[in-house]
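Structure record follows, encoded as structure tokens.
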Amino acid sequence: LQLVESGGGLVQPGGSLRLSCAASGFSLDYFAIGWFRQAPGKEREGLLCISSIGGSTYYVDSVKGRFTISRDNAKNTVYLQMNSLKPEDTGVYYCQHTRENSQRVCIMPEPRDYNDWGQGTQVTVSS
């Protein structure tokens with residue numbers, strides 16, 4: 001399963017970015033997908049995920065109300081809309097497939113549970 005992240009860049013505090021996670025070689029339709037972030041000097045952490053039917057689950061309180069995850073199965077892409085960005089949002093953002101329970105709620109594994117990661121996309125929030 002190959003997922004490719006894009007859309008990062010340099011943005012001023014309070015600004016917005018939309019990241020994309022595009023699937024290559026397979027259909028995202030039946031997969032739950034999550035976004036992870038690795039800030040400088042910190043461990044990678046799971047932020048939020050979206051189930052195969054579009055329900056989202058947040059894992060980090062600091063992004064609630066600012067980050068929104070969505071999916072466009074026709075484009076085989078999951079998005080992360082980031083608003084009101086703060087310097088502490090700086091980091092490399094990765095997407096990964098996640099688990100989903102019988103109620104179609106996405107569940108993010110720990111970063112250490114993954115063997116392979118994409119290149120990610122760098123987000124820098126700075127004035």
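A note on labels: chains of the structure tokens are A, B, ... as shown, every chain counts residues from 1, and ligands are counted from 1 in their shown order.
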Pick out each residue of chain A that DSSP on the backbone tags as strand (DSSP E or B); I need them as a ChimeraX atom specification.
-> /A:2-6,9-11,17-24,32-38,45-50,56-58,67-72,77-82,91-100,106-107,121-125
Close residues, Thr77 (chain A) itself excluded, 10 Å, only C-alpha atoms, min 6 positions apart in chain, as a VMD selection string = chain A and resid 3 to 5 20 to 24 27 to 29 33 70 to 71
Take the residues from that selection and put them in a file with C-alpha atoms, as a PDB file, in the first residue's frame.
ATOM      1  CA  LEU A   3       0.462   6.505   0.179  1.00  0.00           C
ATOM      2  CA  VAL A   4       2.026   9.767  -0.934  1.00  0.00           C
ATOM      3  CA  GLU A   5       1.769  12.927   1.123  1.00  0.00           C
ATOM      4  CA  SER A  20      -3.185  15.479   0.614  1.00  0.00           C
ATOM      5  CA  CYS A  21      -2.648  11.770   0.986  1.00  0.00           C
ATOM      6  CA  ALA A  22      -2.953  10.021  -2.356  1.00  0.00           C
ATOM      7  CA  ALA A  23      -3.128   6.276  -2.761  1.00  0.00           C
ATOM      8  CA  SER A  24      -1.161   4.645  -5.503  1.00  0.00           C
ATOM      9  CA  SER A  27      -8.346   1.925  -3.899  1.00  0.00           C
ATOM     10  CA  LEU A  28      -8.774   3.819  -0.644  1.00  0.00           C
ATOM     11  CA  ASP A  29     -12.497   3.098  -0.557  1.00  0.00           C
ATOM     12  CA  ILE A  33      -6.561   6.519   7.015  1.00  0.00           C
ATOM     13  CA  SER A  70     -11.847  14.304   4.895  1.00  0.00           C
ATOM     14  CA  ARG A  71     -11.790  11.893   2.006  1.00  0.00           C
TER      15      ARG A  71
END
Name the closest residue to Val125 (chain A) among the candidates A:Arg44, A:Lys86, A:Lys64, A:His97; distances are taken between atoms, counting only C-alpha atoms.
->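 When distances to Val125 (chain A) are compared using only C-alpha atoms, the smallest one comes from A:Lys86.
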Within 12 Å of region 100-103 of chain A, which residues of region 1-74 of chain A show up? Give each one with its shortest atom-to-atom distance in Å (one decimal) and the two atoms involved, counting only C-alpha atoms, rows by chain then rising residue number, as JSON lines.
{"residue": "A:Tyr30", "atom": "CA", "partner": "A:Glu100", "partner_atom": "CA", "distance": 9.9}
{"residue": "A:Phe31", "atom": "CA", "partner": "A:Glu100", "partner_atom": "CA", "distance": 8.1}
{"residue": "A:Ala32", "atom": "CA", "partner": "A:Glu100", "partner_atom": "CA", "distance": 6.4}
{"residue": "A:Ile33", "atom": "CA", "partner": "A:Glu100", "partner_atom": "CA", "distance": 9.3}
{"residue": "A:Gly34", "atom": "CA", "partner": "A:Glu100", "partner_atom": "CA", "distance": 10.9}
{"residue": "A:Cys49", "atom": "CA", "partner": "A:Glu100", "partner_atom": "CA", "distance": 9.9}
{"residue": "A:Ile50", "atom": "CA", "partner": "A:Glu100", "partner_atom": "CA", "distance": 9.3}
{"residue": "A:Ser51", "atom": "CA", "partner": "A:Glu100", "partner_atom": "CA", "distance": 6.7}
{"residue": "A:Ser52", "atom": "CA", "partner": "A:Glu100", "partner_atom": "CA", "distance": 8.0}
{"residue": "A:Ile53", "atom": "CA", "partner": "A:Gln103", "partner_atom": "CA", "distance": 10.3}
{"residue": "A:Gly54", "atom": "CA", "partner": "A:Glu100", "partner_atom": "CA", "distance": 11.5}
{"residue": "A:Gly55", "atom": "CA", "partner": "A:Gln103", "partner_atom": "CA", "distance": 10.4}
{"residue": "A:Ser56", "atom": "CA", "partner": "A:Glu100", "partner_atom": "CA", "distance": 11.1}
{"residue": "A:Thr57", "atom": "CA", "partner": "A:Glu100", "partner_atom": "CA", "distance": 10.9}
Selection near Arg99 (chain A), 8 Å with only C-alpha atoms, sequence-local residues under 3 positions removed, as number ranges by chain | A: 32, 106-109
